[in-house]
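File shown here: model-v8.cif, holding mmCIF, C-alpha atoms.
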```cif
data_upload
#
loop_
_atom_site.label_atom_id
_atom_site.label_comp_id
_atom_site.auth_asym_id
_atom_site.auth_seq_id
_atom_site.Cartn_x
_atom_site.Cartn_y
_atom_site.Cartn_z
CA MET A 490 163.57 161.66 -44.40
CA ALA A 491 160.85 164.19 -43.62
CA ILE A 492 157.80 164.52 -45.81
CA GLY A 493 156.95 168.16 -46.44
CA PRO A 494 158.20 171.16 -44.52
CA THR A 495 158.53 170.85 -40.77
CA THR A 496 158.39 173.72 -38.37
CA PRO A 497 159.40 173.59 -34.75
CA ALA A 498 156.72 173.91 -32.10
CA ALA A 499 156.09 177.42 -30.89
CA ARG A 500 157.91 178.25 -27.67
CA PRO A 501 156.99 180.91 -25.19
CA GLU A 502 159.14 183.96 -25.42
CA PRO A 503 161.67 184.12 -22.61
CA GLY A 504 161.40 187.14 -20.42
CA PRO A 505 160.32 188.50 -17.09
CA ARG A 506 157.07 186.49 -17.05
CA HIS A 507 159.00 183.20 -17.05
CA ALA A 508 162.09 184.19 -15.05
CA PRO A 509 160.71 184.52 -11.48
CA PRO A 510 159.13 181.03 -11.32
CA PHE A 511 162.27 179.49 -12.81
CA LEU A 512 164.50 181.33 -10.36
CA GLY A 513 162.17 180.32 -7.53
CA GLN A 514 162.48 176.70 -8.61
CA VAL A 515 166.28 176.93 -8.62
CA VAL A 516 166.50 178.70 -5.25
CA SER A 517 163.95 176.40 -3.60
CA GLY A 518 165.78 173.37 -4.99
CA ALA A 519 169.03 174.53 -3.40
CA ALA A 520 167.21 175.27 -0.13
CA LEU A 521 165.66 171.80 -0.25
CA LEU A 522 169.08 170.19 -0.48
CA LEU A 523 170.18 172.06 2.64
CA LEU A 524 166.96 171.56 4.63
CA LEU A 525 166.58 167.90 3.66
CA GLY A 526 170.20 167.28 4.65
CA LEU A 527 169.65 168.90 8.04
CA HIS A 528 166.40 166.97 8.53
CA MET A 529 167.99 163.63 7.64
CA ILE A 530 171.00 164.21 9.89
CA ALA A 531 168.88 165.36 12.84
CA GLN A 532 166.12 162.77 12.49
CA HIS A 533 168.02 159.70 11.36
CA PHE A 534 171.82 159.86 11.48
CA VAL A 535 172.48 161.20 15.00
CA VAL A 536 169.85 159.00 16.64
CA PRO A 537 171.31 155.71 17.93
CA THR A 538 168.34 153.65 16.69
CA GLY A 539 168.17 155.48 13.34
CA LEU A 540 164.69 156.81 13.95
CA ARG A 541 163.28 159.01 16.69
CA ASP A 542 160.36 157.69 18.70
CA TYR A 543 157.38 159.89 19.62
CA ALA A 544 158.83 161.08 22.93
CA SER A 545 162.15 162.09 21.36
CA VAL A 546 160.34 163.89 18.51
CA ILE A 547 158.34 165.91 21.06
CA ASP A 548 161.54 166.68 22.94
CA TRP A 549 163.32 167.60 19.69
CA LEU A 550 160.49 169.91 18.61
CA GLY A 551 160.78 171.74 21.93
CA SER A 552 163.45 173.95 20.37
CA PRO A 553 162.12 176.97 18.44
CA VAL A 554 165.05 176.67 16.00
CA VAL A 555 164.04 173.11 15.13
CA VAL A 556 160.40 174.10 14.68
CA PHE A 557 161.48 176.97 12.43
CA LEU A 558 163.66 174.64 10.30
CA GLU A 559 160.91 172.01 9.99
CA VAL A 560 158.29 174.62 9.03
CA ALA A 561 160.75 176.15 6.56
CA PHE A 562 161.24 172.66 5.11
CA LEU A 563 157.46 172.30 4.74
CA VAL A 564 157.11 175.70 3.06
CA VAL A 565 160.02 175.18 0.68
CA VAL A 566 159.01 171.65 -0.37
CA THR A 567 155.42 172.80 -0.95
CA TYR A 568 156.54 175.78 -3.03
CA HIS A 569 159.03 173.70 -5.02
CA ALA A 570 156.45 171.01 -5.78
CA LEU A 571 153.70 173.41 -6.81
CA ILE A 572 155.94 175.59 -8.97
CA GLY A 573 157.00 172.36 -10.71
CA VAL A 574 153.35 171.40 -11.28
CA ARG A 575 152.73 174.92 -12.61
CA ALA A 576 155.62 174.59 -15.07
CA ILE A 577 154.31 171.25 -16.33
CA LEU A 578 150.78 172.63 -16.75
CA PHE A 579 152.04 175.74 -18.53
CA ASP A 580 153.74 173.51 -21.11
CA PHE A 581 150.24 172.83 -22.45
CA GLY A 582 150.06 176.46 -23.59
CA PHE A 583 146.98 177.71 -21.80
CA SER A 584 145.64 181.20 -22.40
CA GLY A 585 146.72 184.03 -20.12
CA ARG A 586 143.45 183.92 -18.19
CA THR A 587 143.68 180.17 -17.63
CA ALA A 588 147.34 180.49 -16.66
CA ARG A 589 146.41 183.08 -14.00
CA LEU A 590 143.63 180.81 -12.75
CA ILE A 591 146.06 177.89 -12.46
CA THR A 592 148.58 180.07 -10.64
CA ASN A 593 145.94 181.33 -8.20
CA LEU A 594 144.61 177.82 -7.59
CA LEU A 595 148.11 176.54 -6.87
CA TRP A 596 148.66 179.43 -4.43
CA VAL A 597 145.50 178.38 -2.58
CA VAL A 598 146.62 174.73 -2.52
CA GLY A 599 150.03 175.79 -1.22
CA ILE A 600 148.63 178.02 1.51
CA VAL A 601 146.16 175.35 2.64
CA THR A 602 148.95 172.75 2.69
CA VAL A 603 151.26 174.91 4.80
CA VAL A 604 148.47 175.96 7.20
CA TYR A 605 147.47 172.31 7.63
CA GLY A 606 151.09 171.28 8.21
CA VAL A 607 151.65 174.02 10.80
CA ALA A 608 148.39 173.01 12.50
CA LEU A 609 149.71 169.44 12.71
CA PHE A 610 152.96 170.70 14.25
CA ALA A 611 150.94 172.67 16.80
CA ALA A 612 148.72 169.67 17.59
CA ILE A 613 151.77 167.45 18.10
CA LEU A 614 153.44 170.00 20.33
CA ASN A 615 150.29 170.62 22.38
CA ALA A 616 149.66 166.88 22.80
CA GLY A 617 153.21 166.33 24.05
#
```

Translate this file's structure into structure tokens.
Amino acid sequence: MAIGPTTPAARPEPGPRHAPPFLGQVVSGAALLLLLGLHMIAQHFVVPTGLRDYASVIDWLGSPVVVFLEVAFLVVVTYHALIGVRAILFDFGFSGRTARLITNLLWVVGIVTVVYGVALFAAILNAG
């Protein structure tokens, strides 16, 4: 039994502002399923010991297709994670200016993450 009138919490209006991030989350989630599956098969299921050693990883990364798939995996997982963080933060109902600041900050974090990951790939390949 409720005491007094109750009103539901205000929800953001659906529309173009909310659709692209949601669609990006859906598409990146589907891409993650595919890329994670390929990664798991290539790195763990087709290797007799179940895990590649350093030498076999270097050999494996010698293929440009493999490097492309691994970098794509890094980009997609970073995007998916940060768009999820953005959605959680936006549930707090920040102002438009703060929302733009959060979005821009997450873009910077994402770009730095991907650049760092690609630099690690390059360092591994150059060391091998």

Residues matched by the PyMOL selection byres ((chain A and resi 530-545) around 12) as a PyMOL selection string: chain A and resi 523-529+546-552+555+558-559+613-614+616-617

Atom-to-atom span, CA of Val566 in chain A and CA of Pro553 in chain A, Å: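 If I compute the distance from CA of Val566 in chain A to CA of Pro553 in chain A, I get 19.8 Å.
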
Excluding same-chain residues fewer than 4 positions from Val604 in chain A, what lies within 12 Å of it counting only C-alpha atoms, as a ChimeraX atom specification? /A:560,563-564,567,597-600,608-611

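Here CA of Leu590 in chain A and CA of Ala519 in chain A stand 27.8 Å from one another.
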
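The gap separating CA of Leu521 in chain A from CA of Phe583 in chain A is 29.1 Å, in Å to one decimal.
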
Name all residues at most 12 Å from Tyr568 in chain A (count all atoms listed in the file; drop same-chain ones fewer than 6 positions away) and give them as an MDAnalysis selection string. chainID A and resid 510:511 513:518 520:521 561:562 574:575 592 595:603

For range 549-575 of chain A of the block above, can you save N, CA, C and O atoms as an mmCIF file, in the first residue's frame?
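The resulting file, selection_1.cif, is reproduced below:
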```
data_model
loop_
_atom_site.group_PDB
_atom_site.id
_atom_site.type_symbol
_atom_site.label_atom_id
_atom_site.label_comp_id
_atom_site.auth_asym_id
_atom_site.auth_seq_id
_atom_site.Cartn_x
_atom_site.Cartn_y
_atom_site.Cartn_z
ATOM 1 N N TRP A 549 52.445 -16.707 -35.277
ATOM 2 C CA TRP A 549 51.021 -16.511 -35.582
ATOM 3 C C TRP A 549 50.740 -15.071 -35.999
ATOM 4 O O TRP A 549 49.996 -14.813 -36.937
ATOM 5 N N LEU A 550 51.368 -14.122 -35.313
ATOM 6 C CA LEU A 550 51.159 -12.708 -35.623
ATOM 7 C C LEU A 550 51.919 -12.269 -36.871
ATOM 8 O O LEU A 550 51.833 -11.107 -37.262
ATOM 9 N N GLY A 551 52.621 -13.167 -37.511
ATOM 10 C CA GLY A 551 53.299 -12.856 -38.756
ATOM 11 C C GLY A 551 52.341 -12.661 -39.913
ATOM 12 O O GLY A 551 52.688 -12.082 -40.935
ATOM 13 N N SER A 552 51.119 -13.110 -39.760
ATOM 14 C CA SER A 552 50.115 -12.965 -40.816
ATOM 15 C C SER A 552 49.377 -11.630 -40.650
ATOM 16 O O SER A 552 48.836 -11.351 -39.573
ATOM 17 N N PRO A 553 49.318 -10.818 -41.710
ATOM 18 C CA PRO A 553 48.591 -9.546 -41.620
ATOM 19 C C PRO A 553 47.105 -9.732 -41.307
ATOM 20 O O PRO A 553 46.501 -8.885 -40.641
ATOM 21 N N VAL A 554 46.519 -10.831 -41.743
ATOM 22 C CA VAL A 554 45.100 -11.095 -41.455
ATOM 23 C C VAL A 554 44.903 -11.280 -39.957
ATOM 24 O O VAL A 554 43.957 -10.745 -39.371
ATOM 25 N N VAL A 555 45.809 -12.015 -39.324
ATOM 26 C CA VAL A 555 45.711 -12.246 -37.883
ATOM 27 C C VAL A 555 45.888 -10.940 -37.119
ATOM 28 O O VAL A 555 45.134 -10.647 -36.186
ATOM 29 N N VAL A 556 46.865 -10.140 -37.529
ATOM 30 C CA VAL A 556 47.087 -8.848 -36.869
ATOM 31 C C VAL A 556 45.838 -7.975 -37.015
ATOM 32 O O VAL A 556 45.390 -7.353 -36.049
ATOM 33 N N PHE A 557 45.259 -7.955 -38.209
ATOM 34 C CA PHE A 557 44.038 -7.177 -38.427
ATOM 35 C C PHE A 557 42.917 -7.647 -37.500
ATOM 36 O O PHE A 557 42.233 -6.832 -36.871
ATOM 37 N N LEU A 558 42.721 -8.971 -37.393
ATOM 38 C CA LEU A 558 41.645 -9.501 -36.539
ATOM 39 C C LEU A 558 41.898 -9.191 -35.065
ATOM 40 O O LEU A 558 40.964 -8.849 -34.332
ATOM 41 N N GLU A 559 43.144 -9.286 -34.623
ATOM 42 C CA GLU A 559 43.451 -9.007 -33.217
ATOM 43 C C GLU A 559 43.284 -7.514 -32.905
ATOM 44 O O GLU A 559 42.774 -7.150 -31.853
ATOM 45 N N VAL A 560 43.694 -6.649 -33.831
ATOM 46 C CA VAL A 560 43.507 -5.206 -33.622
ATOM 47 C C VAL A 560 42.018 -4.866 -33.673
ATOM 48 O O VAL A 560 41.534 -4.047 -32.881
ATOM 49 N N ALA A 561 41.288 -5.500 -34.584
ATOM 50 C CA ALA A 561 39.835 -5.287 -34.641
ATOM 51 C C ALA A 561 39.190 -5.717 -33.322
ATOM 52 O O ALA A 561 38.296 -5.029 -32.806
ATOM 53 N N PHE A 562 39.652 -6.829 -32.767
ATOM 54 C CA PHE A 562 39.151 -7.305 -31.472
ATOM 55 C C PHE A 562 39.412 -6.251 -30.392
ATOM 56 O O PHE A 562 38.524 -5.917 -29.603
ATOM 57 N N LEU A 563 40.617 -5.692 -30.375
ATOM 58 C CA LEU A 563 40.966 -4.651 -29.409
ATOM 59 C C LEU A 563 40.071 -3.427 -29.564
ATOM 60 O O LEU A 563 39.538 -2.904 -28.576
ATOM 61 N N VAL A 564 39.868 -2.983 -30.788
ATOM 62 C CA VAL A 564 39.043 -1.796 -31.043
ATOM 63 C C VAL A 564 37.599 -2.046 -30.622
ATOM 64 O O VAL A 564 36.978 -1.218 -29.933
ATOM 65 N N VAL A 565 37.056 -3.190 -31.009
ATOM 66 C CA VAL A 565 35.648 -3.484 -30.720
ATOM 67 C C VAL A 565 35.420 -3.663 -29.219
ATOM 68 O O VAL A 565 34.440 -3.146 -28.672
ATOM 69 N N VAL A 566 36.319 -4.360 -28.534
ATOM 70 C CA VAL A 566 36.118 -4.560 -27.090
ATOM 71 C C VAL A 566 36.258 -3.236 -26.340
ATOM 72 O O VAL A 566 35.526 -2.974 -25.379
ATOM 73 N N THR A 567 37.162 -2.375 -26.791
ATOM 74 C CA THR A 567 37.319 -1.064 -26.156
ATOM 75 C C THR A 567 36.063 -0.222 -26.370
ATOM 76 O O THR A 567 35.535 0.373 -25.421
ATOM 77 N N TYR A 568 35.582 -0.172 -27.607
ATOM 78 C CA TYR A 568 34.370 0.598 -27.900
ATOM 79 C C TYR A 568 33.188 0.073 -27.088
ATOM 80 O O TYR A 568 32.453 0.847 -26.465
ATOM 81 N N HIS A 569 32.999 -1.242 -27.095
ATOM 82 C CA HIS A 569 31.859 -1.853 -26.403
ATOM 83 C C HIS A 569 31.901 -1.531 -24.900
ATOM 84 O O HIS A 569 30.879 -1.176 -24.306
ATOM 85 N N ALA A 570 33.081 -1.642 -24.313
ATOM 86 C CA ALA A 570 33.221 -1.368 -22.874
ATOM 87 C C ALA A 570 32.940 0.098 -22.559
ATOM 88 O O ALA A 570 32.193 0.409 -21.620
ATOM 89 N N LEU A 571 33.499 0.992 -23.351
ATOM 90 C CA LEU A 571 33.337 2.422 -23.044
ATOM 91 C C LEU A 571 31.929 2.925 -23.333
ATOM 92 O O LEU A 571 31.424 3.789 -22.620
ATOM 93 N N ILE A 572 31.275 2.382 -24.346
ATOM 94 C CA ILE A 572 29.894 2.800 -24.608
ATOM 95 C C ILE A 572 28.980 2.272 -23.493
ATOM 96 O O ILE A 572 27.987 2.907 -23.129
ATOM 97 N N GLY A 573 29.354 1.132 -22.908
ATOM 98 C CA GLY A 573 28.615 0.619 -21.748
ATOM 99 C C GLY A 573 28.808 1.499 -20.529
ATOM 100 O O GLY A 573 27.848 1.802 -19.802
ATOM 101 N N VAL A 574 30.040 1.943 -20.298
ATOM 102 C CA VAL A 574 30.319 2.865 -19.185
ATOM 103 C C VAL A 574 29.551 4.165 -19.395
ATOM 104 O O VAL A 574 28.953 4.710 -18.460
ATOM 105 N N ARG A 575 29.531 4.645 -20.637
ATOM 106 C CA ARG A 575 28.799 5.876 -20.960
ATOM 107 C C ARG A 575 27.313 5.723 -20.642
ATOM 108 O O ARG A 575 26.695 6.624 -20.062
#
```
